[in-house]
Each structure stands twice: as structure tokens, then as C-alpha cells.
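Take a look at the structure set out below.
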Amino acid sequence: MRRLHLDLTPARTSRDFRLLFAAGTVFYIGGMVSYVAVPFQLYHLTGSNFAVGAVGLVELVPLVVFGLYGGALADHVDRRTMLVATGVAQIVLTACLLANAASSDPQVWVIYVVAGLLAVAQSLQRPSREALLPRVVTHGQLPAAVALSSFGMQVGAFAGPMLGGVLLAGPGPAWAYGVDVAGLLVATGLFAALHRYPPSQESEPPSLAGILTGVRYAVGRRDLLGTYVVDMVAMFLALPVVLFPALASQVFDRPELLGVLYTAETVGGLAAGLTSGWVSHVNRHGKAIVVAAMCWGAAVALAGLAPNLWVAAGFLALGGAADSISGIFRGTVWHQTIPDSMRGRMAGIEMLSYSLGPLGGQVRSGFVADRTSVRAAIVSGGVLCVVGVGATAAWLRGFWTYDARTDEYARAERERRAQAGTD
């Protein structure tokens, strides 16, 4: 039973991990408040669903371009400096949203412009934040550190929208943006309290050639490529979120319980995080990722077949737990095998895999639902996810057979850290 408990060892032993964990959790809570405030305000101002969806189009190009560039930058500059500088930029930009919402005549164009600029700042920041984790804990503590970080994100994903909904139903969007500004101020202050983390001696200035080197490195390693492909396949084929409103109102005739569907996966992720102490004792991470991703797809398919909304929510919670476990093991592979000189660029590619799969998944789900039915779109997506993930594992045998004890990249990182005295 002790192995089920969330392993707090990284938080007990590393001051900078505590700072990163606290900053990331506060940052994510505030960010999720704005995440629900922006579409709410846009719909209130325009009455157009397309206007709400267009925010994703505005954010797409900055996400791709600056995610990759931010990864290259994270390999060349002090990562604490990047976190603080991009944090300050987000404070200023979110304050612009607050001022616009508080004005007597809020402007739609301001929301779009600031959303695009925020996507730039966030895309530049995240690779540095992700790449810093292996620098603040020992090699053996990385699975527990990834699980703790994932748990903090799940807390934000659960608490942020709830808080945002309360604020939007009461005082309005300006207060929601104000909470995000306050969270960004706290998170940036915590980032500033970190030690300096200068780049490795092998670092080189950001360039297109350096970015392409990172892409070739990711594609050339089958174990690493598998972590990206599995996540993109699972999200593209099985992500059902865009269909939740139709599922609640048209299929189950319970529109008042829509929030249950939206929170079910997060509740499952929180439960998985609280019982994640066992992940540090697993070494065959490739198999664990594949099995967890297939369980996610199966749970989504069963949710589409559920006789009522509560049963569907139960299956979605199981799916959220499986997705969280898959994410923990993917993060462990990344952090235990990627050399520090490449870690920022790999974090940039990771960010794209996290983002592009869900964006494509929303399009796929909506398209299939319009041409068949909501249930058919959800069930077929879940089944195709199981098949697609299985096919990926068969294609990338080096990923399926990955073992942290024998993998050449994991061994090299352990030896490098031991020689450098960082473990």
C-alpha cells in the first residue's frame, strides 16, 4: 500500500523542485481561469461560436514557430532567466486583457492580439520550464518528480475552471483576468528565487540548423519518437471533449450536468496522481505508455456506449487516470534519457505533440459526429485509438521494448550525472 502513495521525496529533498512545483501549480490555476474567461468574453461580445474557435487559429502559428524556437533558446540561455522574462511578459499581457475587460467598451481585436502574443510568451517559456526539471532532482527521483508535477497540473485543471466559472457568473471577466495576473506574479516571483541554471558547454546559439538537428535527433531515436507518436495518435483519434455539450444535451438529455463530463477526466487524473507511488518501480516504460494509452482509448469507447451520463463520466474518469499515467511515463523517458544540451529542443517538440494532437482531435470528432452521430464519433475514436496505438508499438519496436535499466541513452545519462556529481 505504501507504493500507492504519492512519492513526495523530490519535494522533501530539493528546494528548487519545491519552487518549480509551487510556481507551476499556481501558474496553471491562473492560466485555466483565463482559459475559460477568454471564450466566455468573446461569445458574450460577439454571439459567434466561430469567433470563439478562431482564438485557436490565432494561437496555432505562434505555438508551432515559437515552441520550436523556445526549445532552441532553452538550450542556450540560463533557464531561470527565460522563466522570469517570459513570466513578466505574461503579466503585462494578461493585465491588458484585464484593462480591456474592465473598460466600458471592451474590444474584440484586443483579445485576439493579446491571445496571439500570450501564445508566443507561453511557447517560449514552457520548454525552459520542462527542461529544468532534471536539473533540480536526482536521476532516480525523476519518475516521482514527473508524477508530482503532473499532479500539480491536474490540480490546476480542476480548480482553475471552477474558480473561473464562479468569477464569470459573478463579478465578470475582469476579475478572472485579475486572478490570473495575481497567479502570474506569484509564479514569476518563485521562478526568480530559483538558482541560476546556465546552459551546458555544448550549447549553441538558436538557429534553424540547430532546430533541425533537434528534429533529426527526435526522429532518429525510436524510443523517443514513440512517446510523441503515441500521444498524438491517442489525442487525435479519441479526444471527445468537443462533443461533451452534444453528449450531455442530445444523447443523455441532461444539459445541466455538462460540468460533470468536463471534470471527470481531471478527477481520474487526480486519483492517478495520488496513487502514483508505484511508478518509480516500473522500468519498462514503453510498454507502460502503450498499455495506458490503449486503456484511455478503450475507456473513451465505453463512455460512448454508456447508458447514462454518470456511467459515461465514470469511464471518462478511468480514461483520465490512464492518460495521466501515460503522461508520467512519457515524461520519465524524456527526462531520464535526453542530454541536457538537447533537452530544450526536445521539450519544444513535446509541446507540439501535446498541442497539435488535441487540436486535430477536435476537428476529427466534430466532423465524424456531424456525418454519423455523437455516439458513433466517440466510440469509433476510442476503438481507432486502441488500434492506432497498438500499430505504433508494432512499428516502433525500440519503443515497445524500452527498459530504463538497459537503454543506452538512459545508461549514458546515469553515468554522465554520476561523473558530474549531480546525483
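Chain labels run A, B, ... following the order of the C-alpha cells; each chain numbers its residues from 1, and ligands are numbered from 1 in the order shown.
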> Neighbours of A:Phe244 within 10 Å (only C-alpha atoms; same-chain residues fewer than 2 positions away dropped), as an NGL selection string?
Replying inline: :A and (240-242 or 246-251 or 255 or 258-262 or 374 or 378)
> Counting only C-alpha atoms, what is within 10 Å of A:Pro206, bar same-chain residues fewer than 2 positions away, as an MDAnalysis selection string?
Replying inline: chainID A and resid 68:77 203:204 208:211 345
Please, could you write that set of residues out with N, CA, C and O atoms as a PDB file, in the first residue's frame?
```pdb
ATOM      1  N   LEU A  68       9.206  25.697 -31.129  1.00  0.00           N
ATOM      2  CA  LEU A  68      10.485  25.167 -31.588  1.00  0.00           C
ATOM      3  C   LEU A  68      11.633  26.122 -31.274  1.00  0.00           C
ATOM      4  O   LEU A  68      12.702  25.705 -30.820  1.00  0.00           O
ATOM      5  N   TYR A  69      11.415  27.430 -31.499  1.00  0.00           N
ATOM      6  CA  TYR A  69      12.471  28.399 -31.215  1.00  0.00           C
ATOM      7  C   TYR A  69      12.727  28.485 -29.711  1.00  0.00           C
ATOM      8  O   TYR A  69      13.889  28.584 -29.275  1.00  0.00           O
ATOM      9  N   GLY A  70      11.647  28.439 -28.920  1.00  0.00           N
ATOM     10  CA  GLY A  70      11.816  28.471 -27.468  1.00  0.00           C
ATOM     11  C   GLY A  70      12.609  27.281 -26.960  1.00  0.00           C
ATOM     12  O   GLY A  70      13.390  27.399 -26.013  1.00  0.00           O
ATOM     13  N   GLY A  71      12.425  26.121 -27.608  1.00  0.00           N
ATOM     14  CA  GLY A  71      13.217  24.955 -27.229  1.00  0.00           C
ATOM     15  C   GLY A  71      14.690  25.159 -27.511  1.00  0.00           C
ATOM     16  O   GLY A  71      15.553  24.817 -26.690  1.00  0.00           O
ATOM     17  N   ALA A  72      15.016  25.728 -28.698  1.00  0.00           N
ATOM     18  CA  ALA A  72      16.418  26.001 -29.025  1.00  0.00           C
ATOM     19  C   ALA A  72      16.997  27.045 -28.082  1.00  0.00           C
ATOM     20  O   ALA A  72      18.162  26.964 -27.670  1.00  0.00           O
ATOM     21  N   LEU A  73      16.187  28.030 -27.716  1.00  0.00           N
ATOM     22  CA  LEU A  73      16.642  29.079 -26.804  1.00  0.00           C
ATOM     23  C   LEU A  73      16.911  28.514 -25.411  1.00  0.00           C
ATOM     24  O   LEU A  73      17.868  28.907 -24.733  1.00  0.00           O
ATOM     25  N   ALA A  74      16.065  27.565 -24.988  1.00  0.00           N
ATOM     26  CA  ALA A  74      16.232  26.960 -23.664  1.00  0.00           C
ATOM     27  C   ALA A  74      17.537  26.189 -23.549  1.00  0.00           C
ATOM     28  O   ALA A  74      18.045  25.979 -22.441  1.00  0.00           O
ATOM     29  N   ASP A  75      18.090  25.757 -24.687  1.00  0.00           N
ATOM     30  CA  ASP A  75      19.367  25.041 -24.670  1.00  0.00           C
ATOM     31  C   ASP A  75      20.566  25.985 -24.681  1.00  0.00           C
ATOM     32  O   ASP A  75      21.708  25.523 -24.603  1.00  0.00           O
ATOM     33  N   HIS A  76      20.320  27.300 -24.792  1.00  0.00           N
ATOM     34  CA  HIS A  76      21.437  28.229 -24.967  1.00  0.00           C
ATOM     35  C   HIS A  76      21.519  29.304 -23.888  1.00  0.00           C
ATOM     36  O   HIS A  76      22.573  29.936 -23.756  1.00  0.00           O
ATOM     37  N   VAL A  77      20.451  29.547 -23.147  1.00  0.00           N
ATOM     38  CA  VAL A  77      20.452  30.625 -22.161  1.00  0.00           C
ATOM     39  C   VAL A  77      20.180  30.051 -20.773  1.00  0.00           C
ATOM     40  O   VAL A  77      19.814  28.885 -20.618  1.00  0.00           O
ATOM     41  N   SER A 203      26.260  23.876 -25.691  1.00  0.00           N
ATOM     42  CA  SER A 203      25.164  24.665 -26.253  1.00  0.00           C
ATOM     43  C   SER A 203      25.641  25.523 -27.419  1.00  0.00           C
ATOM     44  O   SER A 203      26.815  25.878 -27.513  1.00  0.00           O
ATOM     45  N   GLU A 204      24.697  25.848 -28.295  1.00  0.00           N
ATOM     46  CA  GLU A 204      24.990  26.704 -29.442  1.00  0.00           C
ATOM     47  C   GLU A 204      23.839  27.685 -29.619  1.00  0.00           C
ATOM     48  O   GLU A 204      22.710  27.422 -29.189  1.00  0.00           O
ATOM     49  N   LEU A 208      18.081  27.823 -37.262  1.00  0.00           N
ATOM     50  CA  LEU A 208      17.276  26.828 -37.966  1.00  0.00           C
ATOM     51  C   LEU A 208      18.015  25.492 -38.026  1.00  0.00           C
ATOM     52  O   LEU A 208      17.414  24.431 -37.868  1.00  0.00           O
ATOM     53  N   ALA A 209      19.337  25.555 -38.237  1.00  0.00           N
ATOM     54  CA  ALA A 209      20.124  24.328 -38.285  1.00  0.00           C
ATOM     55  C   ALA A 209      20.060  23.590 -36.952  1.00  0.00           C
ATOM     56  O   ALA A 209      19.948  22.361 -36.907  1.00  0.00           O
ATOM     57  N   GLY A 210      20.127  24.348 -35.848  1.00  0.00           N
ATOM     58  CA  GLY A 210      20.052  23.723 -34.532  1.00  0.00           C
ATOM     59  C   GLY A 210      18.690  23.095 -34.279  1.00  0.00           C
ATOM     60  O   GLY A 210      18.587  22.010 -33.692  1.00  0.00           O
ATOM     61  N   ILE A 211      17.620  23.773 -34.725  1.00  0.00           N
ATOM     62  CA  ILE A 211      16.272  23.217 -34.569  1.00  0.00           C
ATOM     63  C   ILE A 211      16.143  21.932 -35.373  1.00  0.00           C
ATOM     64  O   ILE A 211      15.597  20.928 -34.892  1.00  0.00           O
ATOM     65  N   ARG A 345      15.195  21.693 -26.841  1.00  0.00           N
ATOM     66  CA  ARG A 345      14.606  21.444 -28.159  1.00  0.00           C
ATOM     67  C   ARG A 345      13.622  20.274 -28.121  1.00  0.00           C
ATOM     68  O   ARG A 345      12.572  20.313 -28.770  1.00  0.00           O
TER      69      ARG A 345
END
```
> What lies within 12 Å of A:Thr86 using only C-alpha atoms, ignoring chain neighbours under 5 positions off, as an MDAnalysis selection string?
Replying inline: chainID A and resid 70 74 79:81 91:93 117:129 184:185 187:188 191:192
Output for the residues just chosen: N, CA, C and O atoms as a CSV table (one decimal), in the first residue's frame:
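Wrote it out as out_26.csv, contents follow:
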```csv
chain,number,residue,atom,x,y,z
A,70,GLY,N,11.6,28.4,-28.9
A,70,GLY,CA,11.8,28.5,-27.5
A,70,GLY,C,12.6,27.3,-27.0
A,70,GLY,O,13.4,27.4,-26.0
A,74,ALA,N,16.1,27.6,-25.0
A,74,ALA,CA,16.2,27.0,-23.7
A,74,ALA,C,17.5,26.2,-23.5
A,74,ALA,O,18.0,26.0,-22.4
A,79,ARG,N,18.1,29.1,-17.9
A,79,ARG,CA,16.7,28.8,-17.9
A,79,ARG,C,15.9,29.6,-16.9
A,79,ARG,O,14.7,29.9,-17.1
A,80,ARG,N,16.5,29.9,-15.8
A,80,ARG,CA,15.8,30.8,-14.8
A,80,ARG,C,15.5,32.1,-15.4
A,80,ARG,O,14.4,32.7,-15.3
A,81,THR,N,16.4,32.7,-16.2
A,81,THR,CA,16.2,34.0,-16.8
A,81,THR,C,15.0,33.9,-17.8
A,81,THR,O,14.2,34.8,-17.9
A,91,ILE,N,2.5,38.6,-17.5
A,91,ILE,CA,1.9,39.5,-16.5
A,91,ILE,C,1.4,40.7,-17.3
A,91,ILE,O,0.2,41.2,-17.1
A,92,VAL,N,2.2,41.4,-18.1
A,92,VAL,CA,1.9,42.6,-18.8
A,92,VAL,C,0.7,42.3,-19.8
A,92,VAL,O,-0.3,43.1,-19.8
A,93,LEU,N,0.8,41.2,-20.5
A,93,LEU,CA,-0.2,40.9,-21.5
A,93,LEU,C,-1.6,40.6,-20.9
A,93,LEU,O,-2.6,41.0,-21.3
A,117,LEU,N,-0.1,37.0,-28.7
A,117,LEU,CA,1.2,37.4,-28.0
A,117,LEU,C,1.4,36.5,-26.8
A,117,LEU,O,2.5,36.1,-26.5
A,118,LEU,N,0.3,36.1,-26.1
A,118,LEU,CA,0.4,35.2,-25.0
A,118,LEU,C,0.9,33.9,-25.4
A,118,LEU,O,1.7,33.2,-24.7
A,119,ALA,N,0.4,33.4,-26.6
A,119,ALA,CA,0.9,32.1,-27.1
A,119,ALA,C,2.3,32.2,-27.4
A,119,ALA,O,3.1,31.2,-27.2
A,120,VAL,N,2.9,33.3,-27.8
A,120,VAL,CA,4.3,33.5,-28.1
A,120,VAL,C,5.1,33.3,-26.8
A,120,VAL,O,6.0,32.5,-26.6
A,121,ALA,N,4.6,34.1,-25.7
A,121,ALA,CA,5.3,34.1,-24.4
A,121,ALA,C,5.3,32.7,-23.8
A,121,ALA,O,6.3,32.2,-23.3
A,122,GLN,N,4.1,32.0,-23.9
A,122,GLN,CA,4.0,30.7,-23.3
A,122,GLN,C,4.8,29.7,-24.0
A,122,GLN,O,5.3,28.7,-23.4
A,123,SER,N,4.8,29.8,-25.3
A,123,SER,CA,5.6,28.8,-26.1
A,123,SER,C,7.1,29.0,-25.9
A,123,SER,O,7.9,28.0,-26.0
A,124,LEU,N,7.5,30.2,-25.6
A,124,LEU,CA,8.9,30.4,-25.3
A,124,LEU,C,9.3,30.0,-23.9
A,124,LEU,O,10.4,29.5,-23.6
A,125,GLN,N,8.3,30.0,-23.0
A,125,GLN,CA,8.5,29.6,-21.6
A,125,GLN,C,8.5,28.1,-21.3
A,125,GLN,O,9.4,27.6,-20.6
A,126,ARG,N,7.6,27.5,-21.9
A,126,ARG,CA,7.4,26.1,-21.4
A,126,ARG,C,8.6,25.2,-21.7
A,126,ARG,O,8.9,24.3,-20.8
A,127,PRO,N,9.3,25.3,-22.8
A,127,PRO,CA,10.5,24.4,-23.0
A,127,PRO,C,11.5,24.6,-21.9
A,127,PRO,O,12.1,23.6,-21.4
A,128,SER,N,11.7,25.8,-21.4
A,128,SER,CA,12.7,26.1,-20.3
A,128,SER,C,12.2,25.5,-19.0
A,128,SER,O,13.0,24.9,-18.2
A,129,ARG,N,10.9,25.6,-18.8
A,129,ARG,CA,10.3,25.0,-17.5
A,129,ARG,C,10.4,23.5,-17.5
A,129,ARG,O,10.8,22.9,-16.5
A,184,LEU,N,0.3,34.8,-11.9
A,184,LEU,CA,1.5,35.0,-12.6
A,184,LEU,C,2.5,35.8,-11.8
A,184,LEU,O,3.7,35.5,-11.9
A,185,LEU,N,2.1,36.8,-11.0
A,185,LEU,CA,3.0,37.5,-10.2
A,185,LEU,C,3.7,36.5,-9.2
A,185,LEU,O,4.9,36.6,-9.0
A,187,ALA,N,3.9,33.2,-9.3
A,187,ALA,CA,4.7,32.2,-10.0
A,187,ALA,C,6.1,32.8,-10.5
A,187,ALA,O,7.1,32.1,-10.4
A,188,THR,N,6.0,34.0,-11.1
A,188,THR,CA,7.3,34.6,-11.5
A,188,THR,C,8.2,34.9,-10.4
A,188,THR,O,9.4,34.8,-10.5
A,191,PHE,N,9.9,31.7,-9.6
A,191,PHE,CA,10.9,31.4,-10.6
A,191,PHE,C,12.2,32.2,-10.3
A,191,PHE,O,13.3,31.7,-10.5
A,192,ALA,N,12.0,33.5,-9.9
A,192,ALA,CA,13.1,34.3,-9.6
A,192,ALA,C,13.9,33.8,-8.5
A,192,ALA,O,15.2,34.1,-8.4
```
>> If I take atom CA of A:Ser353 and atom CA of A:Leu163, how far is one from the other in Å, to one decimal?
In response: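 Going from atom CA of A:Ser353 over to atom CA of A:Leu163 covers 28.2 Å.
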>> Using only C-alpha atoms for the distances, tell me which of A:Phe236, A:Phe50, A:Met294, A:Leu167 is nearest to A:Ala37.
In response: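 Closest to A:Ala37, using only C-alpha atoms: A:Leu167.
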> Could you pull the residues within 9 Å of A:Ala271, counting only C-alpha atoms, minus those fewer than 6 positions along the same chain, as a list in words?
Replying inline: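 With the cut-off at 9 Å, the set is Phe151, Ala317 and Ala321 of chain A.
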Residue subset to file, keeping N, CA, C and O atoms, as a short mmCIF file (atom, residue, chain, number, x, y, z; two decimals), in the first residue's frame:
```cif
data_model
loop_
_atom_site.label_atom_id
_atom_site.label_comp_id
_atom_site.auth_asym_id
_atom_site.auth_seq_id
_atom_site.Cartn_x
_atom_site.Cartn_y
_atom_site.Cartn_z
N PHE A 151 0.59 15.93 -11.08
CA PHE A 151 -0.46 16.12 -10.09
C PHE A 151 -0.77 17.61 -9.91
O PHE A 151 -1.94 18.01 -9.82
N ALA A 317 -13.49 9.16 -16.29
CA ALA A 317 -12.54 9.27 -15.17
C ALA A 317 -11.45 8.20 -15.28
O ALA A 317 -10.27 8.48 -15.05
N ALA A 321 -7.43 8.85 -15.80
CA ALA A 321 -6.37 8.22 -14.99
C ALA A 321 -5.34 7.55 -15.90
O ALA A 321 -4.13 7.69 -15.69
#
```
>> Please determine, counting only C-alpha atoms, which residue among A:Val387, A:Ile29, A:Ala22, A:Val114 has the shortest atom-to-atom distance to A:Leu148.
In response: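 The closest residue to A:Leu148 is A:Ala22.
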> A:Gly268: which residues within 12 Å, counting only C-alpha atoms, same-chain residues fewer than 2 positions away excluded, as a ChimeraX atom specification?
Replying inline: /A:151,154-155,157-158,261-266,270-275,296,299,313-325
Find the nearest atom pair between each residue of stretch 326-358 of chain A and stretch 403-413 of chain A for residues within 8 Å, count only C-alpha atoms, give distances in Å to one decimal, sort rows by chain and ascending number, and present the table as a tab-separated table.
```
residue	atom	partner	partner_atom	distance
A:Val333	CA	A:Ala404	CA	7.9
A:Gln336	CA	A:Ala410	CA	5.7
A:Thr337	CA	A:Ala410	CA	4.4
A:Ile338	CA	A:Tyr409	CA	7.2
A:Pro339	CA	A:Glu413	CA	6.7
```
>> Please determine, counting only C-alpha atoms, which residue among A:Val279, A:Ala238, A:Met232, A:Val300 has the shortest atom-to-atom distance to A:Cys385.
In response: A:Ala238
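The two atoms in question, atom CA of A:Tyr197 and atom CA of A:Asp78, are spaced 5.2 Å apart.
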> A:Val33: which residues within 9 Å, counting only C-alpha atoms, same-chain residues fewer than 5 positions away excluded, as a PyMOL selection string?
Replying inline: chain A and resi 28+38+159-165+167+176-177+179-180
Let me see the file: selected residues, N, CA, C and O atoms, as a PDB file, in the first residue's frame.
```pdb
ATOM      1  N   TYR A  28      -0.620  27.362 -13.364  1.00  0.00           N
ATOM      2  CA  TYR A  28      -1.619  26.622 -14.123  1.00  0.00           C
ATOM      3  C   TYR A  28      -3.033  26.944 -13.652  1.00  0.00           C
ATOM      4  O   TYR A  28      -3.960  27.017 -14.466  1.00  0.00           O
ATOM      5  N   VAL A  38     -11.580  33.768 -21.612  1.00  0.00           N
ATOM      6  CA  VAL A  38     -11.449  34.302 -22.976  1.00  0.00           C
ATOM      7  C   VAL A  38     -12.618  33.869 -23.865  1.00  0.00           C
ATOM      8  O   VAL A  38     -13.273  34.727 -24.489  1.00  0.00           O
ATOM      9  N   ALA A 159      -9.184  23.009 -10.409  1.00  0.00           N
ATOM     10  CA  ALA A 159      -9.572  24.197  -9.635  1.00  0.00           C
ATOM     11  C   ALA A 159      -9.744  25.436 -10.507  1.00  0.00           C
ATOM     12  O   ALA A 159     -10.629  26.259 -10.254  1.00  0.00           O
ATOM     13  N   GLY A 160      -8.897  25.590 -11.543  1.00  0.00           N
ATOM     14  CA  GLY A 160      -8.934  26.796 -12.355  1.00  0.00           C
ATOM     15  C   GLY A 160     -10.270  27.047 -13.038  1.00  0.00           C
ATOM     16  O   GLY A 160     -10.865  28.132 -12.879  1.00  0.00           O
ATOM     17  N   PRO A 161     -10.801  26.082 -13.815  1.00  0.00           N
ATOM     18  CA  PRO A 161     -12.099  26.307 -14.455  1.00  0.00           C
ATOM     19  C   PRO A 161     -13.233  26.529 -13.468  1.00  0.00           C
ATOM     20  O   PRO A 161     -14.146  27.309 -13.733  1.00  0.00           O
ATOM     21  N   MET A 162     -13.198  25.829 -12.314  1.00  0.00           N
ATOM     22  CA  MET A 162     -14.242  26.032 -11.317  1.00  0.00           C
ATOM     23  C   MET A 162     -14.213  27.455 -10.791  1.00  0.00           C
ATOM     24  O   MET A 162     -15.244  28.129 -10.695  1.00  0.00           O
ATOM     25  N   LEU A 163     -13.014  27.932 -10.451  1.00  0.00           N
ATOM     26  CA  LEU A 163     -12.878  29.303  -9.966  1.00  0.00           C
ATOM     27  C   LEU A 163     -13.272  30.295 -11.051  1.00  0.00           C
ATOM     28  O   LEU A 163     -13.965  31.290 -10.797  1.00  0.00           O
ATOM     29  N   GLY A 164     -12.839  30.024 -12.287  1.00  0.00           N
ATOM     30  CA  GLY A 164     -13.197  30.897 -13.397  1.00  0.00           C
ATOM     31  C   GLY A 164     -14.693  30.969 -13.605  1.00  0.00           C
ATOM     32  O   GLY A 164     -15.249  32.053 -13.850  1.00  0.00           O
ATOM     33  N   GLY A 165     -15.371  29.811 -13.520  1.00  0.00           N
ATOM     34  CA  GLY A 165     -16.822  29.805 -13.686  1.00  0.00           C
ATOM     35  C   GLY A 165     -17.527  30.636 -12.638  1.00  0.00           C
ATOM     36  O   GLY A 165     -18.482  31.371 -12.939  1.00  0.00           O
ATOM     37  N   LEU A 167     -16.259  33.219 -10.971  1.00  0.00           N
ATOM     38  CA  LEU A 167     -15.973  34.634 -11.217  1.00  0.00           C
ATOM     39  C   LEU A 167     -16.747  35.168 -12.424  1.00  0.00           C
ATOM     40  O   LEU A 167     -17.243  36.301 -12.409  1.00  0.00           O
ATOM     41  N   ALA A 176     -11.663  37.608 -13.353  1.00  0.00           N
ATOM     42  CA  ALA A 176     -10.978  36.367 -13.741  1.00  0.00           C
ATOM     43  C   ALA A 176      -9.560  36.663 -14.211  1.00  0.00           C
ATOM     44  O   ALA A 176      -8.595  35.995 -13.806  1.00  0.00           O
ATOM     45  N   TYR A 177      -9.409  37.680 -15.058  1.00  0.00           N
ATOM     46  CA  TYR A 177      -8.068  38.055 -15.511  1.00  0.00           C
ATOM     47  C   TYR A 177      -7.222  38.564 -14.345  1.00  0.00           C
ATOM     48  O   TYR A 177      -6.001  38.362 -14.314  1.00  0.00           O
ATOM     49  N   VAL A 179      -7.301  37.477 -11.271  1.00  0.00           N
ATOM     50  CA  VAL A 179      -6.784  36.295 -10.561  1.00  0.00           C
ATOM     51  C   VAL A 179      -5.589  35.712 -11.308  1.00  0.00           C
ATOM     52  O   VAL A 179      -4.584  35.320 -10.698  1.00  0.00           O
ATOM     53  N   ASP A 180      -5.674  35.690 -12.641  1.00  0.00           N
ATOM     54  CA  ASP A 180      -4.553  35.171 -13.436  1.00  0.00           C
ATOM     55  C   ASP A 180      -3.325  36.058 -13.270  1.00  0.00           C
ATOM     56  O   ASP A 180      -2.198  35.551 -13.135  1.00  0.00           O
TER      57      ASP A 180
END
```
